[in-house]
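J.: Mind looking over this structure? Questions follow.
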Amino acid sequence: MKILLLEDDLILATELAAFLEGSEFEVKKVYDGDLFLQEVQQNTYDIYLLDINVPTINGLDVCEKIRLVDHNTPIIMISAYGDLSDKKDAFNRLADDYLVKPFQFEELLMRIQSLIRRKNTQEKSVDDIFSIEDLTINKTDQKVFRGEQEIALTVKEFQLLVFLAEAQGRTVSKQQITEHVWEQNFNTNTNTVEVYINFLRKKIDKDFAVKLIHTRSGYGYYLNAL
């Protein structure tokens, strides 16, 4: 399991990384928010640990930026700020947990393990059936429902919807969609993805109050209830 740690206290970062590595985690240490976000874009991690008061971009803003493109990787804030308002701000930015310094490393480990168990349970529950708000996607039967209403999709529409659902809230690019759904290079037909996204929106979202298919401008598309 891989952990990305944002902590500018070099001694604490080194000691914490050594402890977690002793618990069979792989830890990457980063000391400022900008470099952290660059690392998030380049590599995949199982959990993020964020200090708040760090150089370039503070941990709260880092958390908010991560959640724009990744809604599911657990985030734990580790901060000397212990006021309720600080914790509220972190949770409003969709952090999963908040631990006030100084803390025992064993407590952090227990919280990490708890979040990973929860994430793994959620992933297992959607192996064949995805449920998002009132949308249900049954991969085995190739059926889609919103509430009690069954929605008829073409083969490609269904494959596109499943690909969005399997991303579990993360933003997927047009290139990723064309490579996985159409098995073609990105430059083959760049308008195809937009056309099929519009097809899906008409069938999945048009007649329902809660919209599930969203565009992240400049990045791609994601499926989530907002």
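In the structure tokens, chains take the letters A, B, ... in the order shown, each chain's residues start at 1, and ligands count up from 1 in the order shown.
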Which polymer residues have any atom within 7 Å of an atom of Tyr31 of chain A, counting only C-alpha atoms, with same-chain residues fewer than 2 positions away left out, as a PyMOL selection string?
T.: chain A and resi 6-8+29
J.: Dump N, CA and C atoms for the selected residues as a PDB file, in the first residue's frame?
T.:
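Output contents, as saved in result_5.pdb:
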```pdb
ATOM      1  N   LEU A   6       2.445  14.721   2.986  1.00  0.00           N
ATOM      2  CA  LEU A   6       2.784  16.144   2.869  1.00  0.00           C
ATOM      3  C   LEU A   6       3.114  16.664   4.261  1.00  0.00           C
ATOM      4  N   GLU A   7       4.403  16.911   4.515  1.00  0.00           N
ATOM      5  CA  GLU A   7       4.843  17.355   5.840  1.00  0.00           C
ATOM      6  C   GLU A   7       6.172  18.087   5.697  1.00  0.00           C
ATOM      7  N   ASP A   8       6.212  19.370   6.139  1.00  0.00           N
ATOM      8  CA  ASP A   8       7.438  20.153   5.974  1.00  0.00           C
ATOM      9  C   ASP A   8       8.357  20.084   7.191  1.00  0.00           C
ATOM     10  N   LYS A  29       7.626  11.027   0.735  1.00  0.00           N
ATOM     11  CA  LYS A  29       7.560  12.273   1.490  1.00  0.00           C
ATOM     12  C   LYS A  29       7.684  13.462   0.550  1.00  0.00           C
TER      13      LYS A  29
END
```
J.: Determine, counting only C-alpha atoms, which protein, DNA and RNA residues have an atom within 12 Å of an atom of Ser217 of chain A; residues of the same chain fewer than 5 positions away are not included. Present the result as an mmCIF file with N, CA and C atoms, in the first residue's frame.
T.:
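As written to disk, out-v5.cif reads:
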```
data_model
loop_
_atom_site.group_PDB
_atom_site.id
_atom_site.type_symbol
_atom_site.label_atom_id
_atom_site.label_comp_id
_atom_site.auth_asym_id
_atom_site.auth_seq_id
_atom_site.Cartn_x
_atom_site.Cartn_y
_atom_site.Cartn_z
ATOM 1 N N LEU A 68 -11.251 17.636 -6.596
ATOM 2 C CA LEU A 68 -11.809 18.018 -7.899
ATOM 3 C C LEU A 68 -11.691 16.890 -8.915
ATOM 4 N N VAL A 69 -10.678 16.038 -8.742
ATOM 5 C CA VAL A 69 -10.428 14.971 -9.720
ATOM 6 C C VAL A 69 -10.424 13.572 -9.106
ATOM 7 N N THR A 171 -12.015 11.701 -12.332
ATOM 8 C CA THR A 171 -12.190 12.252 -13.676
ATOM 9 C C THR A 171 -11.403 11.425 -14.680
ATOM 10 N N VAL A 172 -12.056 11.055 -15.794
ATOM 11 C CA VAL A 172 -11.371 10.321 -16.865
ATOM 12 C C VAL A 172 -11.338 11.206 -18.107
ATOM 13 N N SER A 173 -10.233 11.175 -18.806
ATOM 14 C CA SER A 173 -10.041 12.039 -19.974
ATOM 15 C C SER A 173 -10.664 11.421 -21.217
ATOM 16 N N LYS A 174 -10.802 12.229 -22.258
ATOM 17 C CA LYS A 174 -11.282 11.717 -23.542
ATOM 18 C C LYS A 174 -10.352 10.628 -24.067
ATOM 19 N N TYR A 222 -16.708 12.798 -15.209
ATOM 20 C CA TYR A 222 -16.807 11.905 -14.061
ATOM 21 C C TYR A 222 -18.271 11.677 -13.699
#
```
J.: Going by DSSP on the backbone, which residues of segment 42-184 of chain A come out as helix (DSSP H, G or I)? List them as a ChimeraX atom specification.
T.: /A:42,59-69,84-92,105-125,155-166,174-182
J.: Would you list the contacts of Leu20 of chain A as a list of chain:residue names, taking every protein, DNA or RNA residue within 10 Å and counting only C-alpha atoms, but skipping same-chain residues closer than 3 positions in sequence?
T.: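 Selected residues are A:Ile3, A:Glu15, A:Leu16, A:Ala17, A:Ser23, A:Glu24, A:Phe25, A:Glu26, A:Val27, A:Phe105, A:Glu106, A:Leu108, A:Leu109.
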J.: So that I can check the surroundings of Asp51 of chain A, please list as a CSV table (one decimal) with N, CA, C and O atoms, in the first residue's frame every protein, DNA and RNA residue that reaches within 12 Å of it, counting only C-alpha atoms and ignoring chain neighbours fewer than 4 positions away.
T.:
```
chain,number,residue,atom,x,y,z
A,4,LEU,N,1.2,8.9,0.3
A,4,LEU,CA,1.9,10.1,0.0
A,4,LEU,C,1.7,11.1,1.1
A,4,LEU,O,0.6,11.4,1.5
A,5,LEU,N,2.8,11.5,1.7
A,5,LEU,CA,2.8,12.3,2.9
A,5,LEU,C,3.3,13.7,2.6
A,5,LEU,O,4.3,14.0,2.0
A,6,LEU,N,2.4,14.7,3.0
A,6,LEU,CA,2.8,16.1,2.9
A,6,LEU,C,3.1,16.7,4.3
A,6,LEU,O,2.2,16.8,5.1
A,7,GLU,N,4.4,16.9,4.5
A,7,GLU,CA,4.8,17.4,5.8
A,7,GLU,C,6.2,18.1,5.7
A,7,GLU,O,7.1,17.5,5.2
A,8,ASP,N,6.2,19.4,6.1
A,8,ASP,CA,7.4,20.2,6.0
A,8,ASP,C,8.4,20.1,7.2
A,8,ASP,O,9.5,20.6,7.2
A,9,ASP,N,7.9,19.4,8.3
A,9,ASP,CA,8.8,19.2,9.4
A,9,ASP,C,9.6,17.9,9.1
A,9,ASP,O,9.1,16.8,9.1
A,12,LEU,N,9.8,15.1,11.7
A,12,LEU,CA,8.6,14.4,11.9
A,12,LEU,C,8.3,13.5,10.6
A,12,LEU,O,7.9,12.4,10.7
A,13,ALA,N,8.5,14.1,9.5
A,13,ALA,CA,8.3,13.3,8.2
A,13,ALA,C,9.1,12.1,8.2
A,13,ALA,O,8.6,11.0,7.8
A,29,LYS,N,7.6,11.0,0.7
A,29,LYS,CA,7.6,12.3,1.5
A,29,LYS,C,7.7,13.5,0.5
A,29,LYS,O,8.6,13.5,-0.3
A,30,VAL,N,6.8,14.5,0.7
A,30,VAL,CA,6.9,15.7,0.0
A,30,VAL,C,6.7,16.8,1.0
A,30,VAL,O,5.9,16.8,1.9
A,31,TYR,N,7.4,17.9,0.7
A,31,TYR,CA,7.5,19.0,1.7
A,31,TYR,C,6.8,20.3,1.4
A,31,TYR,O,6.7,21.2,2.2
A,32,ASP,N,6.2,20.4,0.1
A,32,ASP,CA,5.4,21.6,-0.1
A,32,ASP,C,4.2,21.2,-1.0
A,32,ASP,O,4.3,20.1,-1.7
A,33,GLY,N,3.2,22.0,-1.0
A,33,GLY,CA,1.9,21.6,-1.6
A,33,GLY,C,2.0,21.5,-3.1
A,33,GLY,O,1.3,20.6,-3.7
A,36,PHE,N,3.5,18.3,-4.1
A,36,PHE,CA,2.6,17.2,-3.7
A,36,PHE,C,1.6,17.0,-4.8
A,36,PHE,O,1.3,15.9,-5.3
A,55,PRO,N,4.6,25.0,2.8
A,55,PRO,CA,4.9,26.0,1.8
A,55,PRO,C,4.1,25.8,0.5
A,55,PRO,O,3.6,24.8,0.2
A,57,ILE,N,1.4,25.8,-1.3
A,57,ILE,CA,0.0,25.6,-1.3
A,57,ILE,C,-0.3,24.8,0.0
A,57,ILE,O,0.2,23.8,0.3
A,58,ASN,N,-1.2,25.4,0.9
A,58,ASN,CA,-1.4,24.8,2.2
A,58,ASN,C,-2.2,23.5,2.0
A,58,ASN,O,-2.9,23.3,1.0
A,59,GLY,N,-2.2,22.7,3.0
A,59,GLY,CA,-2.8,21.3,3.0
A,59,GLY,C,-4.3,21.4,2.7
A,59,GLY,O,-4.9,20.5,2.0
A,60,LEU,N,-5.0,22.4,3.2
A,60,LEU,CA,-6.5,22.5,3.0
A,60,LEU,C,-6.7,22.7,1.5
A,60,LEU,O,-7.7,22.1,0.9
A,61,ASP,N,-6.0,23.6,0.9
A,61,ASP,CA,-6.2,23.9,-0.6
A,61,ASP,C,-5.7,22.6,-1.4
A,61,ASP,O,-6.4,22.3,-2.4
A,62,VAL,N,-4.7,21.9,-0.9
A,62,VAL,CA,-4.3,20.7,-1.6
A,62,VAL,C,-5.4,19.7,-1.6
A,62,VAL,O,-5.8,19.0,-2.6
A,63,CYS,N,-6.0,19.5,-0.4
A,63,CYS,CA,-7.2,18.6,-0.3
A,63,CYS,C,-8.3,19.0,-1.2
A,63,CYS,O,-8.8,18.1,-1.9
A,75,ILE,N,-8.2,10.7,2.6
A,75,ILE,CA,-7.3,11.9,2.9
A,75,ILE,C,-7.4,12.1,4.4
A,75,ILE,O,-8.5,12.2,5.0
A,76,ILE,N,-6.3,12.1,5.1
A,76,ILE,CA,-6.2,12.4,6.6
A,76,ILE,C,-5.4,13.6,6.7
A,76,ILE,O,-4.3,13.7,6.3
A,77,MET,N,-6.0,14.6,7.4
A,77,MET,CA,-5.3,15.8,7.8
A,77,MET,C,-4.5,15.6,9.1
A,77,MET,O,-5.1,15.0,10.0
A,78,ILE,N,-3.2,16.0,9.1
A,78,ILE,CA,-2.4,15.9,10.4
A,78,ILE,C,-1.9,17.3,10.6
A,78,ILE,O,-1.1,17.8,9.9
A,79,SER,N,-2.4,18.0,11.7
A,79,SER,CA,-2.1,19.4,11.8
A,79,SER,C,-2.1,19.8,13.3
A,79,SER,O,-2.7,19.1,14.2
A,80,ALA,N,-1.3,20.8,13.6
A,80,ALA,CA,-1.2,21.4,14.9
A,80,ALA,C,-2.5,22.2,15.2
A,80,ALA,O,-2.7,22.6,16.4
A,81,TYR,N,-3.2,22.6,14.2
A,81,TYR,CA,-4.4,23.3,14.4
A,81,TYR,C,-5.6,22.4,14.9
A,81,TYR,O,-6.0,21.5,14.2
A,90,ALA,N,-11.6,21.5,7.2
A,90,ALA,CA,-11.1,20.3,6.5
A,90,ALA,C,-12.1,19.4,6.0
A,90,ALA,O,-12.1,18.9,4.9
A,95,ALA,N,-12.1,16.1,3.4
A,95,ALA,CA,-11.1,15.2,4.1
A,95,ALA,C,-11.9,14.1,4.8
A,95,ALA,O,-13.0,14.3,5.2
A,98,TYR,N,-9.2,13.7,10.6
A,98,TYR,CA,-8.4,14.8,11.0
A,98,TYR,C,-7.7,14.4,12.4
A,98,TYR,O,-8.4,14.0,13.3
A,99,LEU,N,-6.4,14.5,12.4
A,99,LEU,CA,-5.6,14.2,13.6
A,99,LEU,C,-4.8,15.3,14.0
A,99,LEU,O,-4.0,15.9,13.2
A,100,VAL,N,-4.9,15.7,15.3
A,100,VAL,CA,-4.2,16.9,15.9
A,100,VAL,C,-2.8,16.5,16.4
A,100,VAL,O,-2.7,15.6,17.2
A,101,LYS,N,-1.8,17.3,16.0
A,101,LYS,CA,-0.5,17.1,16.5
A,101,LYS,C,-0.4,17.6,18.0
A,101,LYS,O,-1.0,18.7,18.3
```
J.: With a distance cut-off of 10 Å and only C-alpha atoms, select the neighbouring residues of His214 of chain A, excluding the residue or stretch itself and same-chain residues fewer than 6 positions from it, and output the selection as a PyMOL selection string.
T.: chain A and resi 169+171+197+201+220-226
J.: Mind listing the strand (DSSP E) residues of segment 68-199 of chain A, per DSSP on the backbone, as a list in words?
T.: Ile75, Ile76, Met77, Ile78, Ser79, Asp97, Tyr98, Leu99, Val100, Ile129, Phe130, Ser131, Ile132, Leu135, Thr136, Ile137, Asn138, Lys143, Val144, Phe145, Arg146, Gln149 and Glu150 of chain A
J.: Separation of atom CA of Glu133 of chain A and atom CA of Val210 of chain A, in Å?
T.: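 Atom CA of Val210 of chain A lies 8.3 Å from atom CA of Glu133 of chain A.
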J.: With only C-alpha atoms as the basis for distance, which of A:Leu160, A:Ala165, A:Ala18, A:Leu37 is at the shortest distance from Asn198 of chain A?
T.: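 The answer is A:Leu160, which sits nearest to Asn198 of chain A.
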J.: If we count only C-alpha atoms and set the cut-off at 7 Å, which residues sit around Asp128 of chain A, ignoring sequence neighbours fewer than 3 positions away in its own chain? Please answer as a PyMOL selection string.
T.: chain A and resi 138-140
J.: Looking at only C-alpha atoms, which of A:Glu39, A:Glu166, A:Asp83, A:Asp207 is the one that sits closest to Phe130 of chain A?
T.: A:Glu166
J.: Using only C-alpha atoms, which of the listed residues (A:Asp141, A:Asp46, A:Glu64, A:Glu150) sits closest to Asp89 of chain A?
T.: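 Closest to Asp89 of chain A, using only C-alpha atoms: A:Glu64.
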J.: With distances taken over only C-alpha atoms, which residue among A:Ile177, A:Ile132, A:Ile137, A:Leu200 lies nearest Glu157 of chain A?
T.: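 Counting only C-alpha atoms, the residue closest to Glu157 of chain A is A:Leu200.
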J.: Calculated over only C-alpha atoms, which of the candidates A:Ser131, A:Ser85, A:Gln38, A:Gln176 has the smallest distance to Phe145 of chain A?
T.: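 Going through A:Ser131, A:Ser85, A:Gln38, A:Gln176 one by one, the smallest distance to Phe145 of chain A is for A:Ser131.
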J.: Ranking A:Gln142, A:Asn53, A:Ile129, A:Ile47 by minimum distance to Asp97 of chain A and counting only C-alpha atoms, which one comes first?
T.: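 Comparing A:Gln142, A:Asn53, A:Ile129, A:Ile47 against Asp97 of chain A, the winner is A:Ile47.
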